[in-house]
file entry_16.txt (compact mmCIF, C-alpha atoms)
# COMPACT_ATOMS: atom_id res chain seq x y z
CA MET A 1 -101.17 51.18 98.09
CA THR A 2 -104.90 51.04 97.35
CA THR A 3 -107.64 52.71 99.31
CA GLU A 4 -111.38 52.81 98.83
CA PRO A 5 -112.32 56.29 97.56
CA VAL A 6 -113.06 58.56 100.48
CA SER A 7 -116.17 59.83 98.70
CA GLN A 8 -117.67 56.38 99.06
CA VAL A 9 -117.24 56.45 102.81
CA HIS A 10 -119.41 58.35 105.27
CA ARG A 11 -116.32 59.72 106.91
CA TRP A 12 -117.80 61.33 109.99
CA ARG A 13 -120.03 58.34 110.62
CA ALA A 14 -116.97 56.11 110.42
CA PHE A 15 -115.05 58.54 112.63
CA ALA A 16 -117.77 58.36 115.30
CA VAL A 17 -117.53 54.57 115.48
CA LEU A 18 -113.73 54.67 115.52
CA ALA A 19 -113.80 57.28 118.29
CA VAL A 20 -116.07 55.08 120.39
CA ALA A 21 -113.70 52.12 119.94
CA PHE A 22 -110.73 54.34 120.86
CA PHE A 23 -112.53 55.72 123.91
CA MET A 24 -113.39 52.18 125.03
CA THR A 25 -109.73 51.11 124.99
CA ILE A 26 -108.55 54.24 126.88
CA VAL A 27 -111.28 53.96 129.51
CA ASP A 28 -110.24 50.36 130.17
CA LEU A 29 -106.86 51.60 131.41
CA THR A 30 -108.50 52.98 134.56
CA ILE A 31 -112.05 51.63 134.81
CA VAL A 32 -111.05 48.66 136.96
CA ASN A 33 -109.25 50.69 139.63
CA VAL A 34 -112.39 51.53 141.56
CA ALA A 35 -113.54 47.91 141.40
CA LEU A 36 -110.26 46.36 142.61
CA PRO A 37 -111.30 45.87 146.26
CA THR A 38 -114.55 44.21 145.19
CA ILE A 39 -112.81 42.01 142.61
CA GLY A 40 -110.21 41.03 145.21
CA ARG A 41 -112.88 39.88 147.66
CA LYS A 42 -115.06 38.06 145.14
CA LEU A 43 -112.26 36.16 143.38
CA HIS A 44 -110.07 35.70 146.49
CA PHE A 45 -107.04 37.55 145.15
CA SER A 46 -103.92 37.77 147.26
CA GLU A 47 -102.83 41.34 147.98
CA SER A 48 -99.74 40.99 145.80
CA ASP A 49 -101.66 39.56 142.83
CA LEU A 50 -104.52 42.06 142.76
CA GLN A 51 -102.57 44.78 140.96
CA TRP A 52 -102.04 42.38 138.03
CA VAL A 53 -105.66 42.99 137.07
CA VAL A 54 -104.49 46.45 136.00
CA THR A 55 -100.84 45.80 135.21
CA ALA A 56 -101.54 42.94 132.76
CA TYR A 57 -103.55 45.31 130.58
CA GLY A 58 -100.98 48.10 130.73
CA ILE A 59 -98.05 45.83 129.85
CA THR A 60 -99.54 44.23 126.73
CA PHE A 61 -101.11 47.54 125.68
CA GLY A 62 -97.79 49.38 125.80
CA GLY A 63 -95.72 46.51 124.48
CA PHE A 64 -97.64 45.76 121.28
CA LEU A 65 -98.66 49.24 120.06
CA LEU A 66 -95.80 49.65 117.59
CA LEU A 67 -96.17 46.14 116.22
CA GLY A 68 -99.94 46.58 115.95
CA GLY A 69 -99.54 49.81 114.01
CA ARG A 70 -97.10 48.33 111.52
CA ALA A 71 -99.28 45.26 111.04
CA ALA A 72 -102.14 47.58 110.07
CA ASP A 73 -99.98 49.19 107.38
CA LEU A 74 -98.83 45.88 105.92
CA LEU A 75 -101.92 43.69 106.23
CA GLY A 76 -104.80 46.15 105.86
CA ARG A 77 -106.09 48.61 108.43
CA ARG A 78 -109.72 47.52 108.49
CA ARG A 79 -108.73 43.85 108.68
CA ILE A 80 -106.36 44.46 111.60
CA LEU A 81 -108.86 46.76 113.33
CA MET A 82 -111.50 44.05 113.18
CA LEU A 83 -109.02 41.49 114.51
CA GLY A 84 -108.20 43.78 117.43
CA LEU A 85 -111.88 44.45 118.13
CA ALA A 86 -112.62 40.72 118.10
CA VAL A 87 -109.79 39.98 120.56
CA PHE A 88 -110.74 42.90 122.83
CA THR A 89 -114.47 42.04 122.83
CA ALA A 90 -113.93 38.31 123.45
CA ALA A 91 -111.44 39.05 126.24
CA SER A 92 -113.92 41.49 127.83
CA LEU A 93 -116.59 38.81 127.85
CA GLY A 94 -114.13 36.34 129.34
CA ALA A 95 -113.10 38.83 132.04
CA GLY A 96 -116.70 39.42 133.04
CA LEU A 97 -117.31 35.66 133.30
CA ALA A 98 -114.08 34.99 135.21
CA THR A 99 -114.38 32.89 138.36
CA SER A 100 -110.68 32.71 139.22
CA SER A 101 -107.90 35.24 139.64
CA GLY A 102 -105.58 33.65 137.07
CA PHE A 103 -108.22 33.59 134.35
CA LEU A 104 -109.14 37.23 134.94
CA ILE A 105 -105.49 38.32 134.71
CA ALA A 106 -105.09 36.37 131.46
CA MET A 107 -108.19 38.02 129.99
CA ARG A 108 -106.91 41.45 131.01
CA GLY A 109 -103.67 40.75 129.16
CA LEU A 110 -105.65 39.78 126.05
CA GLN A 111 -107.71 42.97 126.41
CA GLY A 112 -104.51 45.00 126.38
CA LEU A 113 -103.29 43.14 123.28
CA GLY A 114 -106.58 43.83 121.51
CA ALA A 115 -106.43 47.50 122.48
CA ALA A 116 -102.84 47.76 121.19
CA VAL A 117 -104.07 46.54 117.80
CA VAL A 118 -107.24 48.66 117.73
CA LEU A 119 -105.75 52.03 118.64
CA PRO A 120 -103.10 52.53 115.91
CA ALA A 121 -105.28 50.88 113.26
CA ALA A 122 -108.19 53.19 114.12
CA LEU A 123 -106.04 56.32 114.15
CA SER A 124 -104.40 55.43 110.84
CA ILE A 125 -107.86 54.96 109.28
CA VAL A 126 -108.75 58.46 110.50
CA MET A 127 -105.51 59.78 108.99
CA ASN A 128 -106.29 58.21 105.63
CA MET A 129 -109.93 59.35 105.57
CA PHE A 130 -109.08 63.02 106.07
CA ALA A 131 -106.59 64.94 103.96
CA GLU A 132 -103.82 66.73 105.83
CA GLY A 133 -104.90 70.23 106.76
CA ALA A 134 -107.92 71.82 108.41
CA GLU A 135 -110.23 68.82 107.99
CA ARG A 136 -107.80 66.32 109.48
CA ASN A 137 -106.97 68.77 112.26
CA LYS A 138 -110.65 68.98 113.15
CA ALA A 139 -110.93 65.19 113.36
CA LEU A 140 -107.71 64.82 115.33
CA GLY A 141 -108.75 67.65 117.64
CA LEU A 142 -111.82 65.64 118.60
CA TRP A 143 -109.65 62.53 118.86
CA GLY A 144 -107.22 64.22 121.23
CA GLY A 145 -110.03 65.55 123.41
CA ILE A 146 -111.54 62.08 123.69
CA GLY A 147 -108.19 60.59 124.67
CA ALA A 148 -107.54 63.26 127.28
CA ALA A 149 -110.91 62.62 128.92
CA GLY A 150 -110.81 58.83 128.79
CA ALA A 151 -108.72 58.11 131.90
CA THR A 152 -110.84 60.12 134.33
CA ILE A 153 -114.13 59.00 132.77
CA GLY A 154 -112.95 55.44 133.44
CA LEU A 155 -112.73 56.15 137.17
CA ILE A 156 -116.30 57.47 137.24
CA ALA A 157 -117.75 54.67 135.09
CA GLY A 158 -115.99 52.03 137.17
CA GLY A 159 -117.40 53.44 140.38
CA LEU A 160 -120.95 53.69 139.08
CA LEU A 161 -121.02 50.21 137.53
CA THR A 162 -119.41 48.53 140.53
CA ARG A 163 -121.78 50.21 142.95
CA TYR A 164 -125.05 49.80 141.05
CA ALA A 165 -124.58 46.82 138.70
CA GLY A 166 -121.64 44.67 139.82
CA TRP A 167 -117.95 44.52 139.01
CA GLN A 168 -118.54 42.17 136.04
CA TYR A 169 -120.31 44.95 134.15
CA ILE A 170 -117.17 47.04 133.81
CA PHE A 171 -116.14 44.30 131.36
CA PHE A 172 -119.56 43.36 129.99
CA LEU A 173 -120.06 46.99 128.93
CA ASN A 174 -117.44 46.49 126.21
CA VAL A 175 -119.18 43.50 124.65
CA PRO A 176 -122.16 45.17 122.91
CA ILE A 177 -119.98 48.15 121.92
CA GLY A 178 -117.29 45.94 120.42
CA ALA A 179 -119.84 43.68 118.71
CA ALA A 180 -121.60 46.68 117.15
CA ALA A 181 -118.28 48.08 115.89
CA LEU A 182 -117.42 44.69 114.36
CA LEU A 183 -120.76 44.55 112.53
CA LEU A 184 -120.41 48.10 111.23
CA ALA A 185 -116.74 47.88 110.24
CA PRO A 186 -117.13 46.19 106.81
CA ARG A 187 -119.85 48.67 105.88
CA ILE A 188 -118.42 52.00 106.92
CA PHE A 189 -114.64 51.71 107.35
CA PRO A 190 -112.46 52.10 104.25
CA GLU A 191 -109.86 49.42 103.63
CA SER A 192 -106.30 50.13 102.61
CA ARG A 193 -103.60 47.60 101.95
CA LEU A 194 -100.42 47.15 99.98
CA GLN A 195 -101.11 45.56 96.60
CA GLY A 196 -98.72 44.64 93.84
CA VAL A 197 -95.78 44.94 96.22
CA ARG A 198 -94.07 42.12 98.04
CA ARG A 199 -94.72 42.59 101.73
CA ARG A 200 -91.52 42.01 103.66
CA PHE A 201 -91.54 41.47 107.38
CA ASP A 202 -88.96 42.16 110.08
CA PRO A 203 -89.30 39.35 112.65
CA LEU A 204 -86.10 40.20 114.54
CA GLY A 205 -87.15 43.84 114.82
CA ALA A 206 -90.61 42.80 115.99
CA VAL A 207 -89.18 40.52 118.70
CA THR A 208 -86.63 43.03 120.03
CA VAL A 209 -88.91 46.09 120.11
CA THR A 210 -91.91 44.23 121.54
CA GLY A 211 -89.77 42.50 124.16
CA GLY A 212 -88.04 45.76 125.05
CA LEU A 213 -91.29 47.68 125.39
CA LEU A 214 -92.94 44.90 127.41
CA LEU A 215 -90.04 44.86 129.87
CA LEU A 216 -89.94 48.66 130.02
CA VAL A 217 -93.63 49.01 130.85
CA TYR A 218 -93.42 46.14 133.35
CA ALA A 219 -90.36 47.60 135.07
CA ILE A 220 -91.87 51.07 135.37
CA SER A 221 -95.23 49.77 136.55
CA LYS A 222 -93.66 47.66 139.33
CA ALA A 223 -90.87 50.07 140.33
CA PRO A 224 -92.98 51.95 142.93
CA GLN A 225 -93.42 48.69 144.86
CA ALA A 226 -89.96 47.13 144.27
CA GLY A 227 -88.06 50.43 144.48
CA TRP A 228 -86.44 52.33 141.63
CA GLY A 229 -82.97 51.42 142.89
CA SER A 230 -83.71 47.74 143.51
CA VAL A 231 -81.76 45.06 141.70
CA ARG A 232 -84.89 43.81 139.97
CA THR A 233 -85.90 47.22 138.62
CA VAL A 234 -82.40 48.15 137.48
CA SER A 235 -81.90 44.74 135.84
CA LEU A 236 -85.22 44.91 133.99
CA LEU A 237 -84.52 48.43 132.76
CA ALA A 238 -81.04 47.37 131.63
CA VAL A 239 -82.37 44.38 129.66
CA SER A 240 -85.10 46.57 128.18
CA ALA A 241 -82.53 49.17 127.09
CA ALA A 242 -80.35 46.44 125.55
CA LEU A 243 -83.28 45.05 123.55
CA LEU A 244 -84.33 48.50 122.33
CA LEU A 245 -80.74 49.29 121.35
CA ALA A 246 -80.56 45.98 119.49
CA PHE A 247 -83.80 46.95 117.74
CA LEU A 248 -82.27 50.22 116.51
CA VAL A 249 -79.23 48.34 115.20
CA VAL A 250 -81.46 45.81 113.43
CA GLU A 251 -83.54 48.58 111.83
CA THR A 252 -80.46 50.12 110.22
CA ARG A 253 -79.48 46.82 108.57
CA VAL A 254 -82.62 45.01 107.40
CA GLU A 255 -84.12 45.56 103.96
CA ALA A 256 -87.67 46.19 105.19
CA PRO A 257 -87.46 47.57 108.75
CA LEU A 258 -90.41 47.47 111.12
CA LEU A 259 -89.63 51.10 112.03
CA PRO A 260 -87.93 52.99 109.18
CA LEU A 261 -85.75 55.43 111.12
CA ARG A 262 -86.09 57.99 108.34
CA ILE A 263 -89.52 58.82 109.75
CA PHE A 264 -87.74 60.76 112.49
CA ARG A 265 -86.32 63.09 109.86
CA LEU A 266 -89.78 64.64 109.91
CA ARG A 267 -89.19 67.27 112.56
CA THR A 268 -92.86 67.55 113.54
CA VAL A 269 -93.12 63.80 114.10
CA ALA A 270 -89.95 63.67 116.22
CA VAL A 271 -91.01 66.66 118.33
CA ALA A 272 -94.56 65.32 118.78
CA ASN A 273 -93.25 61.99 120.06
CA ALA A 274 -90.82 63.67 122.48
CA VAL A 275 -93.46 66.05 123.83
CA GLY A 276 -95.95 63.18 124.09
CA LEU A 277 -93.53 61.31 126.35
CA LEU A 278 -93.13 64.37 128.58
CA LEU A 279 -96.85 65.08 128.65
CA GLY A 280 -97.69 61.52 129.68
CA GLY A 281 -95.08 61.54 132.43
CA SER A 282 -96.30 64.84 133.88
CA PHE A 283 -100.07 64.71 133.48
CA PHE A 284 -100.69 61.11 134.50
CA ALA A 285 -98.41 61.49 137.51
CA PHE A 286 -100.49 64.55 138.42
CA ILE A 287 -103.68 62.47 138.26
CA PHE A 288 -102.11 59.75 140.39
CA ILE A 289 -100.91 62.09 143.15
CA GLY A 290 -104.09 64.17 143.03
CA THR A 291 -106.23 61.06 143.41
CA LEU A 292 -104.23 59.86 146.42
CA TYR A 293 -104.51 63.30 148.03
CA MET A 294 -108.27 63.40 147.62
CA GLN A 295 -108.78 59.85 148.89
CA GLN A 296 -106.21 59.58 151.66
CA VAL A 297 -106.19 63.15 152.97
CA LEU A 298 -109.56 64.70 152.13
CA GLY A 299 -111.49 61.46 152.68
CA TYR A 300 -113.07 61.26 149.22
CA SER A 301 -114.41 57.93 148.05
CA ALA A 302 -112.96 56.62 144.77
CA LEU A 303 -116.16 57.65 142.97
CA GLN A 304 -116.04 61.15 144.44
CA ALA A 305 -112.42 61.52 143.36
CA GLY A 306 -113.32 60.43 139.85
CA ILE A 307 -116.13 62.97 139.65
CA ALA A 308 -113.80 65.68 140.93
CA TRP A 309 -111.58 65.02 137.91
CA LEU A 310 -114.48 66.02 135.67
CA ALA A 311 -113.21 69.57 136.11
CA THR A 312 -110.15 68.52 134.12
CA SER A 313 -111.92 66.28 131.60
CA LEU A 314 -114.70 68.71 130.69
CA THR A 315 -112.23 71.57 130.31
CA SER A 316 -110.10 69.45 128.00
CA VAL A 317 -113.04 68.41 125.84
CA ALA A 318 -114.41 71.97 125.67
CA LEU A 319 -111.07 73.38 124.50
CA ALA A 320 -110.22 70.63 121.99
CA GLY A 321 -111.97 72.57 119.20
CA PRO A 322 -110.14 75.86 119.82
CA ALA A 323 -106.87 73.93 120.13
CA GLN A 324 -107.17 72.38 116.67
CA LEU A 325 -108.18 75.75 115.17
CA LEU A 326 -105.03 77.31 116.60
CA VAL A 327 -102.92 74.49 115.16
CA THR A 328 -104.51 75.08 111.75
CA ARG A 329 -104.03 78.85 111.84
CA ILE A 330 -100.61 79.01 113.52
CA SER A 331 -98.73 75.71 113.82
CA ALA A 332 -98.50 72.79 116.22
CA GLY A 333 -95.29 73.91 117.97
CA PRO A 334 -96.53 77.05 119.78
CA VAL A 335 -99.77 75.31 120.78
CA MET A 336 -97.86 72.32 122.24
CA ALA A 337 -95.60 74.72 124.13
CA ALA A 338 -98.62 76.55 125.54
CA GLY A 339 -100.21 73.26 126.55
CA MET A 340 -97.13 72.03 128.38
CA ALA A 341 -96.78 75.41 130.11
CA LEU A 342 -100.39 75.20 131.30
CA ILE A 343 -99.90 71.66 132.62
CA ALA A 344 -96.72 72.76 134.41
CA GLY A 345 -98.60 75.74 135.84
CA GLY A 346 -101.44 73.56 137.07
CA VAL A 347 -99.01 71.11 138.68
CA LEU A 348 -97.01 73.90 140.36
CA TRP A 349 -100.23 75.51 141.61
CA ALA A 350 -101.28 72.16 143.07
CA THR A 351 -98.03 71.97 145.06
CA GLN A 352 -99.35 74.88 147.13
CA VAL A 353 -102.48 72.98 148.21
CA PRO A 354 -102.65 72.84 152.05
CA VAL A 355 -103.14 69.62 153.99
CA HIS A 356 -106.67 70.65 154.90
CA GLY A 357 -107.59 71.80 151.42
CA HIS A 358 -111.06 72.04 149.94
CA PHE A 359 -112.05 71.29 146.38
CA TRP A 360 -113.28 74.68 145.23
CA SER A 361 -110.67 76.76 147.03
CA ALA A 362 -107.62 74.53 146.51
CA LEU A 363 -108.11 71.98 143.72
CA ALA A 364 -110.54 73.41 141.18
CA GLY A 365 -108.07 76.01 139.89
CA PRO A 366 -105.19 73.59 139.23
CA PHE A 367 -107.61 71.07 137.73
CA PHE A 368 -109.07 73.58 135.28
CA VAL A 369 -105.62 74.88 134.29
CA ALA A 370 -104.22 71.37 133.77
CA GLY A 371 -107.34 70.44 131.81
CA ALA A 372 -106.75 73.35 129.47
CA GLY A 373 -103.14 72.19 129.14
CA THR A 374 -104.15 68.70 128.08
CA ALA A 375 -106.35 70.13 125.31
CA PHE A 376 -103.51 72.30 124.00
CA GLY A 377 -101.10 69.39 124.49
CA PHE A 378 -102.83 66.19 123.34
CA VAL A 379 -104.49 67.77 120.31
CA PRO A 380 -101.38 69.23 118.61
CA ILE A 381 -99.41 66.08 119.48
CA SER A 382 -102.04 63.98 117.68
CA ILE A 383 -101.91 66.30 114.68
CA ALA A 384 -98.14 66.81 114.50
CA GLY A 385 -97.42 63.12 115.06
CA LEU A 386 -99.05 62.35 111.70
CA ALA A 387 -98.04 65.48 109.77
CA GLY A 388 -96.12 64.72 106.60
CA VAL A 389 -96.39 60.95 107.10
CA VAL A 390 -97.15 59.02 103.92
CA LYS A 391 -100.34 56.97 103.98
CA GLN A 392 -98.41 53.71 103.77
CA GLU A 393 -96.90 54.42 107.20
CA GLY A 394 -99.95 55.85 108.97
CA GLY A 395 -100.29 52.88 111.31
CA LEU A 396 -96.61 53.02 112.20
CA ALA A 397 -96.81 56.75 113.05
CA SER A 398 -100.00 56.19 115.04
CA GLY A 399 -98.38 53.40 117.03
CA GLN A 400 -95.36 55.60 117.75
CA VAL A 401 -97.46 58.44 119.17
CA ALA A 402 -99.41 56.04 121.37
CA THR A 403 -96.31 54.16 122.51
CA CYS A 404 -94.58 57.33 123.76
CA GLY A 405 -97.19 57.84 126.46
CA SER A 406 -97.97 54.21 127.21
CA ALA A 407 -95.31 53.72 129.89
CA SER A 408 -96.62 56.71 131.82
CA VAL A 409 -100.23 55.63 131.43
CA GLY A 410 -99.37 52.08 132.52
CA THR A 411 -97.58 53.34 135.60
CA TYR A 412 -100.49 55.56 136.59
CA SER A 413 -103.17 52.97 135.96
CA SER A 414 -101.31 50.26 137.88
CA ASN A 415 -100.82 52.39 140.97
CA VAL A 416 -103.85 54.61 141.31
CA GLY A 417 -105.89 51.81 142.74
CA GLY A 418 -103.09 50.37 144.83
CA PRO A 419 -102.95 52.11 148.18
CA SER A 420 -105.97 51.69 150.35
CA PRO A 421 -107.57 55.08 150.80
CA LYS A 422 -108.30 56.17 154.31
CA SER A 423 -111.70 57.42 153.38
CA GLY A 424 -114.72 57.36 155.57
CA PRO A 425 -118.36 57.46 154.54
CA PRO A 426 -119.30 59.93 151.81
CA ALA A 427 -119.68 63.44 153.09
CA SER A 428 -122.85 65.44 152.71
CA GLY A 429 -123.13 67.41 149.51
CA TRP A 430 -122.12 64.45 147.33
CA PRO A 431 -120.52 64.19 144.81
CA LEU A 432 -118.08 66.75 146.23
CA PRO A 433 -117.62 67.05 149.99
CA PRO A 434 -118.42 70.47 151.44
CA ALA A 435 -115.74 72.86 152.61
CA SER A 436 -115.79 71.38 156.10
CA ALA A 437 -115.16 67.81 154.96
CA HIS A 438 -111.45 67.39 155.50
CA LEU A 439 -109.35 64.97 157.44
CA SER A 440 -108.93 66.14 161.02
CA HIS A 441 -105.89 64.03 161.92
CA SER A 442 -102.43 65.58 162.10
call {"tool": "encode", "arguments": {"input": "entry_16.txt", "output": "structure tokens"}}
result
Amino acid sequence: MTTEPVSQVHRWRAFAVLAVAFFMTIVDLTIVNVALPTIGRKLHFSESDLQWVVTAYGITFGGFLLLGGRAADLLGRRRILMLGLAVFTAASLGAGLATSSGFLIAMRGLQGLGAAVVLPAALSIVMNMFAEGAERNKALGLWGGIGAAGATIGLIAGGLLTRYAGWQYIFFLNVPIGAAALLLAPRIFPESRLQGVRRRFDPLGAVTVTGGLLLLVYAISKAPQAGWGSVRTVSLLAVSAALLLAFLVVETRVEAPLLPLRIFRLRTVAVANAVGLLLGGSFFAFIFIGTLYMQQVLGYSALQAGIAWLATSLTSVALAGPAQLLVTRISAGPVMAAGMALIAGGVLWATQVPVHGHFWSALAGPFFVAGAGTAFGFVPISIAGLAGVVKQEGGLASGQVATCGSASVGTYSSNVGGPSPKSGPPASGWPLPPASAHLSHS
């Protein structure tokens, strides 16, 4: 394994560019939700096809993360990162220029594929630039805070761009950012690749795990419409489980497995992946239900609801630094436990919100508490998920951490824009309606 000396790399400059690329891919999970009605009208989408604008991204994003991470380890992280950036940027340009529904859906699928390559490659570069310990914890603390804020920032950005520039600009925005990252990559990102060793591939493992993950994300994303007990949902989940089981069998028998199962002997990695799955399932469901409540009951516009979530995002970003300091001084386990407890507390508090609730009296408290929980959850998961991992498997570990939450993120992002909110005109006191602005129907 060879790596350019870290001293020759402006690490924090490289980290800033990688963080922007990461943020861009996370924002794209939700940025289109606000624009869906406009896109549907302009491109003459049928009601059943419109959700594919979101679902196509979520499926390819979740399905290819593990494969993208392993490809980065085997073929060179900078090379694979640049490939992912090129695919993502070109697909973003194509989506903005789309004049038909089918073409836009295809471009969204390509965007998801590009994002699935970019994310683990970028995170593994961060891992290799910073030695394990306080310095890496600082970088991953910032990384976790950025990830926690990305989904809600996407709602706000989508609303602003759709309202003041046009729906195409939610895609065009990625083009100059991606192009700039591509130009900077050869200059500031270190390369690392296997040299002097025969690189063996695991095609059967790649097919089974990618197929299983694709079906899993698709089944979960469509289950709310088809029904969790429907024949289609149960059949898809069964086939997905069979493929993933076949993948595990394959990995125990091939000479060079795509996912060496010994990585789960690292207790911190195994725990981080398990907690990441639980965190994604709880927090993103909380965002989904909270958004529906604000739009359908309180009468918020989509943009107002997105701005309301700033209470959560800003809290998470503000506490990312203290979270990584606690991980460095104590350990990841207690901090993760505290984060999950805070998220659970915020969710339980939100269950007491009355029908005619108001933001400051009913929602602000749960939002701030859950935001603190995401900081103390996402940050130690990011750190623990890479702790003790050898550099040669950094992309694999990064893809694992991202994959654990991808099904939950895909479900949220494919449903938050689905139901038509019963919202009237924006209330006075924008961006947040005043205490009197609540729905008066029974």
call {"tool": "closest_residue", "arguments": {"input": "entry_16.txt", "among": "A:Ile105, A:Met336, A:Ala341, A:Val87", "to": "Asn273 of chain A", "atoms": "all atoms listed in the file"}}
result
A:Met336
call {"tool": "atom_distance", "arguments": {"input": "entry_16.txt", "atom1": "atom CA of Ile26 of chain A", "atom2": "atom CA of Gly141 of chain A"}}
result
16.3 Å
call {"tool": "residues_around", "arguments": {"input": "entry_16.txt", "residues": "Val27 of chain A", "least_positions_apart": "3", "cutoff": "12 Å", "atoms": "all atoms listed in the file", "output": "PyMOL selection string"}}
result
chain A and resi 19-24+30-33+57-58+111-112+115+146-158+170-171+173-174+409+413
call {"tool": "closest_residue", "arguments": {"input": "entry_16.txt", "among": "A:Phe284, A:Trp360, A:Tyr164, A:Phe378", "to": "Val327 of chain A", "atoms": "only C-alpha atoms"}}
result
A:Phe378
call {"tool": "closest_residue", "arguments": {"input": "entry_16.txt", "among": "A:Ala86, A:Ala206, A:Leu298, A:Leu182", "to": "Gly68 of chain A", "atoms": "all atoms listed in the file"}}
result
A:Ala206
call {"tool": "atom_distance", "arguments": {"input": "entry_16.txt", "atom1": "atom CA of Leu74 of chain A", "atom2": "atom CA of Gln392 of chain A"}}
result
8.1 Å
call {"tool": "atom_distance", "arguments": {"input": "entry_16.txt", "atom1": "atom CA of Leu319 of chain A", "atom2": "atom CA of Val353 of chain A"}}
result
25.2 Å
call {"tool": "residues_around", "arguments": {"input": "entry_16.txt", "residues": "Met107 of chain A", "least_positions_apart": "4", "cutoff": "7 Å", "atoms": "all atoms listed in the file", "output": "short mmCIF file (atom, residue, chain, number, x, y, z; two decimals) with C-alpha atoms, in the coordinates of the input"}}
result
data_model
loop_
_atom_site.label_atom_id
_atom_site.label_comp_id
_atom_site.auth_asym_id
_atom_site.auth_seq_id
_atom_site.Cartn_x
_atom_site.Cartn_y
_atom_site.Cartn_z
CA ALA A 91 -111.44 39.05 126.24
CA GLY A 94 -114.13 36.34 129.34
CA ALA A 95 -113.10 38.83 132.04
CA PHE A 103 -108.22 33.59 134.35
CA GLN A 111 -107.71 42.97 126.41
#
call {"tool": "axis_aligned_box", "arguments": {"input": "entry_16.txt", "around": "segment 104-110 of chain A", "padding_each_side": "6 Å", "output": "JSON"}}
result
{"center_x": -106.4, "center_y": 38.9, "center_z": 130.5, "size_x": 17.5, "size_y": 17.1, "size_z": 20.9}
call {"tool": "closest_residue", "arguments": {"input": "entry_16.txt", "among": "A:Pro224, A:Trp349, A:Ala375, A:Ala387", "to": "Ser361 of chain A", "atoms": "all atoms listed in the file"}}
result
A:Trp349
call {"tool": "closest_residue", "arguments": {"input": "entry_16.txt", "among": "A:Leu216, A:Ala16, A:Leu204, A:Ala121", "to": "Leu65 of chain A", "atoms": "all atoms listed in the file"}}
result
A:Ala121
call {"tool": "closest_residue", "arguments": {"input": "entry_16.txt", "among": "A:Thr315, A:Thr403, A:Gly306, A:Lys222", "to": "Asp49 of chain A", "atoms": "all atoms listed in the file"}}
result
A:Lys222
call {"tool": "closest_atom_pairs", "arguments": {"input": "entry_16.txt", "of": "segment 306-405 of chain A", "to": "segment 132-137 of chain A", "cutoff": "7 Å", "atoms": "all atoms listed in the file", "output": "Markdown table"}}
result
| residue | atom | partner | partner_atom | distance |
| --- | --- | --- | --- | --- |
| A:Gln324 | CA | A:Asn137 | CA | 5.7 |
| A:Thr328 | CA | A:Ala134 | CA | 5.8 |
| A:Ile383 | CA | A:Asn137 | CA | 6.1 |
call {"tool": "write_last_selection", "arguments": {"input": "entry_16.txt", "atoms": "C-alpha atoms", "output": "short mmCIF file (atom, residue, chain, number, x, y, z; two decimals), in the frame of the given file"}}
result
data_model
loop_
_atom_site.label_atom_id
_atom_site.label_comp_id
_atom_site.auth_asym_id
_atom_site.auth_seq_id
_atom_site.Cartn_x
_atom_site.Cartn_y
_atom_site.Cartn_z
CA GLN A 324 -107.17 72.38 116.67
CA THR A 328 -104.51 75.08 111.75
CA ILE A 383 -101.91 66.30 114.68
#
call {"tool": "residues_around", "arguments": {"input": "entry_16.txt", "residues": "Ala332 of chain A", "least_positions_apart": "4", "cutoff": "10 Å", "atoms": "only C-alpha atoms", "output": "list in words"}}
result
Thr268, Val271, Ala272, Ala323, Gln324, Leu326, Val327, Thr328, Met336, Ala337, Phe376, Gly377, Val379, Pro380, Ile381, Ser382, Ile383, Ala384, Gly385 and Ala387 of chain A
call {"tool": "write_last_selection", "arguments": {"input": "entry_16.txt", "atoms": "C-alpha atoms", "output": "PDB file, in the coordinates of the input"}}
result
ATOM      1  CA  THR A 268     -92.860  67.550 113.540  1.00  0.00           C
ATOM      2  CA  VAL A 271     -91.010  66.660 118.330  1.00  0.00           C
ATOM      3  CA  ALA A 272     -94.560  65.320 118.780  1.00  0.00           C
ATOM      4  CA  ALA A 323    -106.870  73.930 120.130  1.00  0.00           C
ATOM      5  CA  GLN A 324    -107.170  72.380 116.670  1.00  0.00           C
ATOM      6  CA  LEU A 326    -105.030  77.310 116.600  1.00  0.00           C
ATOM      7  CA  VAL A 327    -102.920  74.490 115.160  1.00  0.00           C
ATOM      8  CA  THR A 328    -104.510  75.080 111.750  1.00  0.00           C
ATOM      9  CA  MET A 336     -97.860  72.320 122.240  1.00  0.00           C
ATOM     10  CA  ALA A 337     -95.600  74.720 124.130  1.00  0.00           C
ATOM     11  CA  PHE A 376    -103.510  72.300 124.000  1.00  0.00           C
ATOM     12  CA  GLY A 377    -101.100  69.390 124.490  1.00  0.00           C
ATOM     13  CA  VAL A 379    -104.490  67.770 120.310  1.00  0.00           C
ATOM     14  CA  PRO A 380    -101.380  69.230 118.610  1.00  0.00           C
ATOM     15  CA  ILE A 381     -99.410  66.080 119.480  1.00  0.00           C
ATOM     16  CA  SER A 382    -102.040  63.980 117.680  1.00  0.00           C
ATOM     17  CA  ILE A 383    -101.910  66.300 114.680  1.00  0.00           C
ATOM     18  CA  ALA A 384     -98.140  66.810 114.500  1.00  0.00           C
ATOM     19  CA  GLY A 385     -97.420  63.120 115.060  1.00  0.00           C
ATOM     20  CA  ALA A 387     -98.040  65.480 109.770  1.00  0.00           C
TER      21      ALA A 387
END
call {"tool": "residues_near_point", "arguments": {"input": "entry_16.txt", "point": "(-91.2, 68.8, 137.7)", "cutoff": "12 Å", "atoms": "all atoms listed in the file", "output": "ChimeraX atom specification"}}
result
/A:278-279,281-283,285-286,340-341,343-351
